[in-house]
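Chemist: Pasting query.cif below, which is mmCIF, C-alpha atoms and all ligand atoms.
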data_data
loop_
_atom_site.label_atom_id
_atom_site.label_comp_id
_atom_site.auth_asym_id
_atom_site.auth_seq_id
_atom_site.Cartn_x
_atom_site.Cartn_y
_atom_site.Cartn_z
CA MET A 130 0.00 0.00 0.00
CA HIS A 131 1.20 3.51 -0.85
CA VAL A 132 0.75 6.14 1.85
CA LEU A 133 0.79 9.92 1.36
CA ILE A 134 1.40 12.09 4.41
CA PRO A 135 0.37 15.77 4.15
CA ALA A 136 2.93 17.61 6.28
CA ALA A 137 3.14 21.01 4.59
CA GLY A 138 1.02 23.06 7.00
CA MET A 139 2.02 26.02 9.14
CA GLY A 140 0.23 25.16 12.36
CA LYS A 141 -1.44 28.58 12.78
CA ARG A 142 -3.88 27.26 15.38
CA MET A 143 -0.94 25.88 17.34
CA GLY A 144 0.46 29.40 17.51
CA SER A 145 3.90 28.01 16.71
CA ASP A 146 6.51 29.91 14.69
CA ARG A 147 7.23 26.82 12.60
CA ASN A 148 5.57 23.72 11.21
CA LYS A 149 3.88 22.07 14.21
CA LEU A 150 5.00 18.65 12.96
CA LEU A 151 8.51 19.59 14.07
CA LEU A 152 7.36 20.20 17.65
CA THR A 153 8.32 17.36 19.97
CA VAL A 154 6.32 15.02 22.20
CA LEU A 155 8.27 12.74 24.54
CA GLY A 156 11.45 13.89 22.82
CA ASP A 157 10.44 13.11 19.23
CA PRO A 158 8.90 15.37 16.57
CA LEU A 159 5.23 14.74 15.78
CA LEU A 160 6.21 13.65 12.27
CA ALA A 161 8.52 10.97 13.70
CA TRP A 162 5.61 9.39 15.62
CA THR A 163 3.48 9.32 12.47
CA LEU A 164 6.29 7.79 10.41
CA ARG A 165 7.00 5.14 13.04
CA ALA A 166 3.41 3.94 12.81
CA ALA A 167 3.54 3.85 8.99
CA GLU A 168 6.83 1.94 9.12
CA ALA A 169 5.39 -0.59 11.57
CA ALA A 170 2.22 -1.19 9.53
CA GLU A 171 2.57 -4.50 7.68
CA THR A 172 0.60 -3.34 4.64
CA VAL A 173 2.53 -0.10 3.99
CA GLU A 174 5.24 -0.43 1.35
CA TRP A 175 5.89 3.17 0.19
CA ILE A 176 5.65 6.53 1.97
CA GLY A 177 5.39 9.99 0.39
CA ILE A 178 5.59 13.09 2.57
CA MET A 179 4.31 16.44 1.27
CA GLY A 180 6.16 19.32 2.89
CA GLN A 181 7.39 22.85 2.35
CA PRO A 182 10.94 22.76 0.91
CA THR A 183 12.22 24.87 3.84
CA ASP A 184 11.29 21.96 6.12
CA PHE A 185 12.99 19.28 4.00
CA PRO A 186 16.34 19.37 5.87
CA ALA A 187 14.48 18.82 9.17
CA PHE A 188 12.35 16.06 7.59
CA GLU A 189 15.49 14.36 6.24
CA GLU A 190 17.03 14.43 9.69
CA ILE A 191 13.91 12.81 11.17
CA ILE A 192 13.79 10.14 8.46
CA GLY A 193 17.51 9.39 8.89
CA GLY A 194 17.16 9.18 12.67
CA LEU A 195 14.36 6.61 12.44
CA GLY A 196 16.34 4.29 10.13
CA LEU A 197 13.24 3.51 8.09
CA GLN A 198 13.35 0.38 5.91
CA LYS A 199 10.57 1.49 3.60
CA PRO A 200 11.17 3.92 0.71
CA VAL A 201 10.32 7.51 1.71
CA HIS A 202 9.90 10.32 -0.82
CA LEU A 203 9.72 14.04 -0.13
CA ILE A 204 7.19 15.87 -2.30
CA VAL A 205 6.69 19.64 -2.49
CA GLY A 206 3.39 20.53 -0.81
CA GLY A 207 0.97 23.33 -1.69
CA SER A 208 -0.62 26.28 0.05
CA THR A 209 -3.63 24.24 1.26
CA ARG A 210 -3.97 20.64 2.42
CA GLN A 211 -6.03 19.97 -0.72
CA GLU A 212 -3.20 21.25 -2.93
CA SER A 213 -0.62 19.25 -0.99
CA VAL A 214 -2.60 16.04 -1.50
CA TYR A 215 -3.01 16.87 -5.19
CA ASN A 216 0.78 17.18 -5.51
CA GLY A 217 1.24 13.91 -3.61
CA LEU A 218 -1.12 12.08 -5.95
CA GLN A 219 0.87 13.28 -9.00
CA ALA A 220 4.05 11.92 -7.40
CA LEU A 221 2.76 8.38 -6.84
CA PRO A 222 4.74 5.81 -8.80
CA GLU A 223 3.09 4.40 -11.90
CA GLY A 224 1.25 1.22 -11.02
CA ALA A 225 0.06 2.44 -7.60
CA GLU A 226 -3.56 1.29 -7.57
CA ARG A 227 -4.67 2.19 -4.06
CA VAL A 228 -3.50 4.97 -1.74
CA LEU A 229 -3.97 5.87 1.90
CA ILE A 230 -3.74 9.56 2.79
CA HIS A 231 -2.87 10.26 6.42
CA ASP A 232 -2.32 13.64 8.10
CA GLY A 233 1.15 14.03 9.58
CA ALA A 234 -0.63 15.83 12.42
CA ARG A 235 -2.48 12.64 13.44
CA CYS A 236 0.66 11.34 15.08
CA LEU A 237 -1.12 8.92 17.44
CA VAL A 238 -2.31 6.70 14.60
CA THR A 239 -1.50 3.03 15.18
CA PRO A 240 -0.02 0.56 12.68
CA GLU A 241 -3.19 -1.51 13.19
CA LEU A 242 -5.37 1.35 11.94
CA PHE A 243 -3.22 1.69 8.79
CA ASP A 244 -3.55 -2.06 8.25
CA ARG A 245 -7.30 -2.11 8.90
CA CYS A 246 -7.84 0.64 6.34
CA ALA A 247 -5.50 -0.99 3.79
CA ILE A 248 -7.31 -4.33 4.07
CA ALA A 249 -10.76 -2.73 3.83
CA LEU A 250 -9.60 -0.81 0.75
CA GLN A 251 -9.26 -4.09 -1.15
CA GLU A 252 -13.08 -4.28 -1.12
CA CYS A 253 -14.05 -0.69 -2.01
CA GLU A 254 -12.82 2.41 -3.86
CA GLY A 255 -13.17 4.96 -1.08
CA LEU A 256 -13.06 4.85 2.71
CA ILE A 257 -12.20 6.91 5.75
CA ALA A 258 -11.43 6.16 9.36
CA ALA A 259 -14.03 7.82 11.58
CA VAL A 260 -15.46 7.61 15.09
CA PRO A 261 -19.02 8.18 16.31
CA VAL A 262 -19.57 11.70 17.64
CA LYS A 263 -19.93 11.81 21.44
CA ASP A 264 -21.29 15.34 21.85
CA THR A 265 -24.70 16.65 20.86
CA ILE A 266 -24.01 18.78 17.78
CA LYS A 267 -25.87 22.04 17.03
CA VAL A 268 -26.23 23.69 13.65
CA VAL A 269 -26.09 27.46 14.26
CA ASN A 270 -26.63 30.59 12.18
CA THR A 271 -24.16 33.45 11.80
CA GLU A 272 -25.59 35.18 14.92
CA HIS A 273 -25.00 31.99 16.92
CA TRP A 274 -28.65 31.03 17.29
CA ILE A 275 -29.33 27.33 17.04
CA GLU A 276 -31.06 26.23 13.85
CA SER A 277 -31.25 22.48 14.41
CA THR A 278 -29.93 19.46 16.30
CA PRO A 279 -28.97 16.64 13.93
CA ASN A 280 -29.56 13.08 15.07
CA ARG A 281 -26.30 12.07 16.73
CA ALA A 282 -26.66 8.49 15.49
CA ASP A 283 -25.98 9.82 11.98
CA LEU A 284 -22.84 11.77 12.91
CA TRP A 285 -19.28 10.47 12.68
CA ALA A 286 -16.11 12.50 13.09
CA ALA A 287 -13.81 12.13 10.09
CA GLN A 288 -10.22 11.09 10.67
CA THR A 289 -7.42 9.88 8.48
CA PRO A 290 -6.27 7.48 7.02
CA GLN A 291 -8.57 8.05 4.08
CA GLY A 292 -8.10 5.54 1.27
CA PHE A 293 -9.01 5.53 -2.39
CA ALA A 294 -8.51 3.92 -5.77
CA VAL A 295 -5.77 6.12 -7.23
CA ASP A 296 -7.40 6.81 -10.62
CA ALA A 297 -10.69 7.76 -8.96
CA ILE A 298 -9.23 10.13 -6.35
CA LYS A 299 -7.00 11.77 -8.99
CA ASP A 300 -10.10 12.41 -11.14
CA CYS A 301 -11.96 13.85 -8.14
CA HIS A 302 -9.07 16.19 -7.31
CA GLU A 303 -8.89 17.34 -10.96
CA LYS A 304 -12.63 18.02 -10.95
CA GLY A 305 -12.33 19.85 -7.64
CA ARG A 306 -9.62 22.14 -9.04
CA ALA A 307 -11.58 22.80 -12.24
CA LYS A 308 -14.77 23.64 -10.35
CA GLY A 309 -13.13 25.50 -7.45
CA TRP A 310 -14.32 23.12 -4.72
CA GLU A 311 -12.55 23.80 -1.42
CA VAL A 312 -12.66 20.90 1.02
CA THR A 313 -10.97 19.91 4.27
CA ASP A 314 -10.69 16.22 3.49
CA ASP A 315 -10.36 14.00 0.42
CA ALA A 316 -13.56 12.07 1.04
CA ALA A 317 -15.48 15.32 0.46
CA LEU A 318 -14.20 15.37 -3.14
CA PHE A 319 -15.31 11.76 -3.63
CA GLU A 320 -18.72 12.70 -2.20
CA GLN A 321 -19.03 15.73 -4.49
CA CYS A 322 -18.45 13.36 -7.40
CA GLN A 323 -21.27 11.10 -6.12
CA LEU A 324 -18.86 8.27 -5.37
CA PRO A 325 -19.45 6.07 -2.31
CA VAL A 326 -17.18 6.33 0.74
CA LYS A 327 -17.21 3.66 3.44
CA ILE A 328 -16.53 4.25 7.14
CA VAL A 329 -13.86 2.16 8.85
CA ARG A 330 -13.87 2.29 12.64
CA GLY A 331 -11.19 4.82 13.62
CA GLU A 332 -9.58 5.27 17.01
CA GLU A 333 -10.57 7.75 19.71
CA THR A 334 -6.89 8.39 20.39
CA ASN A 335 -6.24 9.22 16.72
CA ILE A 336 -6.62 12.95 17.36
CA LYS A 337 -5.31 15.65 15.06
CA VAL A 338 -2.78 17.72 16.97
CA THR A 339 -4.16 21.17 16.19
CA THR A 340 -3.97 23.45 19.28
CA PRO A 341 -1.54 23.50 22.24
CA ILE A 342 -3.84 21.39 24.47
CA ASP A 343 -3.60 18.58 21.89
CA LEU A 344 0.15 18.36 22.53
CA ALA A 345 -0.50 17.68 26.21
CA ILE A 346 -3.16 15.07 25.33
CA ALA A 347 -0.82 13.39 22.83
CA GLU A 348 1.95 13.25 25.40
CA ARG A 349 -0.36 11.63 27.96
CA ILE A 350 -1.56 8.99 25.48
CA LEU A 351 1.97 8.14 24.34
CA GLN A 352 3.15 7.89 27.96
CA GLN A 353 0.28 5.52 28.69
CA ARG A 354 1.18 3.38 25.65
CA SER A 355 4.80 3.12 26.77
CA THR A 356 3.76 1.93 30.26
CA ASP A 357 1.33 -0.58 28.68
CA LEU A 358 4.20 -2.25 26.75
N1 LIG B 1 -0.83 23.58 2.94
C1 LIG B 1 -1.00 22.51 3.74
C2 LIG B 1 -1.76 22.61 4.95
C3 LIG B 1 -1.87 21.49 5.76
N2 LIG B 1 -1.22 20.35 5.43
C4 LIG B 1 -1.24 19.19 6.32
O1 LIG B 1 -2.55 18.74 6.51
C5 LIG B 1 -2.70 18.18 7.81
C6 LIG B 1 -3.93 18.71 8.51
O2 LIG B 1 -3.89 20.12 8.53
P1 LIG B 1 -3.95 21.05 9.82
O3 LIG B 1 -4.01 20.28 11.06
O4 LIG B 1 -4.96 22.10 9.55
O5 LIG B 1 -2.44 21.62 9.80
P2 LIG B 1 -1.92 23.09 9.62
O6 LIG B 1 -2.35 23.63 8.30
O7 LIG B 1 -0.45 23.01 9.89
O8 LIG B 1 -2.63 23.86 10.82
P3 LIG B 1 -3.45 25.24 10.82
O9 LIG B 1 -4.67 24.99 9.96
O10 LIG B 1 -3.75 25.49 12.24
O11 LIG B 1 -2.50 26.28 10.22
C7 LIG B 1 -1.41 18.48 8.58
O12 LIG B 1 -0.66 17.29 8.70
C8 LIG B 1 -0.74 19.53 7.74
O13 LIG B 1 0.69 19.48 7.77
C9 LIG B 1 -0.51 20.26 4.22
O14 LIG B 1 0.06 19.21 3.91
N3 LIG B 1 -0.42 21.35 3.41
C1 LIG B 2 -8.59 15.38 6.99
C2 LIG B 2 -8.94 15.72 8.42
O1 LIG B 2 -7.95 15.21 9.27
C3 LIG B 2 -10.21 15.06 8.83
O2 LIG B 2 -10.52 15.39 10.12
C4 LIG B 2 -9.10 17.21 8.60
O3 LIG B 2 -10.21 17.61 7.88
C5 LIG B 2 -7.90 18.06 8.30
O4 LIG B 2 -8.08 19.44 8.26
P1 LIG B 2 -8.83 20.46 9.29
O5 LIG B 2 -9.16 21.64 8.46
O6 LIG B 2 -7.88 20.81 10.37
O7 LIG B 2 -10.06 19.79 9.85
#
Now that the file is in, can you turn its structure into structure tokens?
Ligand SMILES: Nc1ccn([C@@H]2O[C@H](COP(=O)(O)OP(=O)(O)OP(=O)(O)O)[C@@H](O)[C@H]2O)c(=O)n1
Ligand SMILES: C[C@](O)(CO)[C@H](O)COP(=O)(O)O
Modeler:
Amino acid sequence: MHVLIPAAGMGKRMGSDRNKLLLTVLGDPLLAWTLRAAEAAETVEWIGIMGQPTDFPAFEEIIGGLGLQKPVHLIVGGSTRQESVYNGLQALPEGAERVLIHDGARCLVTPELFDRCAIALQECEGLIAAVPVKDTIKVVNTEHWIESTPNRADLWAAQTPQGFAVDAIKDCHEKGRAKGWEVTDDAALFEQCQLPVKIVRGEETNIKVTTPIDLAIAERILQQRSTDL
């Protein structure tokens, strides 16, 4: 399985002066934790990382330090996640039939989740990891008055990995660019093209490290995992 890792963001919500994936948890950069999980996943055979060229020296240092056995390719990212994934898809080797896309910022992903998604992707053309929503969600208007309360049983929080047939997701990204669709995940492009996307059970711990509190949560979860070993 080929895996693309968007890692070209700035981390504005983290309030950091550099790419948040270079911030450390338990002594290792966030990107290192993500790569370790991809390396340990039995189904993953090729890893592409989309980053800003200014971060490439730091990425190379991380990759070298981990001593990864799998081939890792650095790909120039774009100014949005959507653009970074588009660039990653163009850089896939010929013959790649299926791809998993996984945010570098979801550094608590487990090898088992990669494998579960890769195996499920043999049976469908589009899937995402997701977890049932625990809160009651409100739809609000611009003045912050509630408009409706969707049935929670229908609501799942999207995570990554998100997996697709390569030809299909490339087509969806091309269409998205041509029509000016702006989306926050790749499944949304599949949906816009009326293609089916299956849910694979994600992991509650598979959070996206977005704001400073997430760093503390990630640290706690990783500490717990190391004591469980
Ligand atoms: N131009 C971009 C923007 C984001 N990403 C990646 O997409 C993932 C999810 O994005 P997000 O958490 O929003 O990261 P940032 O863009 O860094 O954060 P922020 O939106 O707070 O600036 C991250 O792994 C991030 O590196 C990317 O590859 N290219
Ligand atoms: C793809 C994603 O991880 C799904 O939750 C997410 O959408 C990434 O971007 P976001 O804009 O930070 O939600």
Chemist: Show which residues sit within 12 Å of Leu152 in chain A, as a list of chain:residue names. Count all atoms listed in the file, and ignore same-chain residues fewer than 6 positions away.
Modeler: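 Listing them by chain and then by number gives A:Met139, A:Gly140, A:Met143, A:Gly144, A:Ser145, A:Asp146, A:Pro158, A:Leu159, A:Leu160, A:Ala161, A:Trp162, A:Ala187, A:Phe188, A:Ile191, A:Gly233, A:Ala234, A:Cys236, A:Val338, A:Thr339, A:Thr340, A:Pro341, A:Asp343, A:Leu344, A:Ala345, A:Ala347, A:Glu348.
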Chemist: Which residues are near ligand LIG 1 (chain B) - at most 7 Å, using only C-alpha atoms and all ligand atoms? Format: as a ChimeraX atom specification.
Modeler: /A:135-143,148-150,179-180,206-210,212-214,232-235,337-339
Chemist: Which residues are close to Cys322 in chain A, i.e. within 12 Å by only C-alpha atoms, leaving aside same-chain residues fewer than 4 positions away? Reply as a list of chain:residue names.
Modeler: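 Near Cys322 in chain A, the qualifying residues are A:Gly255, A:Ala297, A:Ile298, A:Lys299, A:Asp300, A:Cys301, A:His302, A:Glu303, A:Lys304, A:Gly305, A:Lys308, A:Trp310, A:Asp315, A:Ala316, A:Ala317, A:Leu318, A:Val326.
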Chemist: Just to confirm, what's the straight-line distance from CA of Arg281 in chain A to CA of Arg330 in chain A in Å (one decimal)?
Modeler: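 Value for the CA of Arg281 in chain A-CA of Arg330 in chain A distance: 16.3 Å.
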Chemist: Would you mind listing the residues within 6 Å of ligand LIG 2 (chain B), counting only C-alpha atoms and all ligand atoms, as a ChimeraX atom specification?
Modeler: /A:232,287-289,313-314
Chemist: What gap, in Å, lies between CA of Leu155 in chain A and CA of Gln352 in chain A?
Modeler: 7.8 Å
Chemist: Would you kindly return, as JSON, numbers by chain, each protein, DNA or RNA residue with an atom no farther than 8 Å from any atom of Ala286 in chain A, considering all atoms listed in the file and excluding same-chain residues fewer than 4 positions away?
Modeler: {"A": [259, 260, 261, 262]}
Chemist: Report the distance between CA of Gln323 in chain A and CA of Gly292 in chain A in Å, rounded to one decimal place.
Modeler: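 Distance between the two atoms: 16.1 Å.
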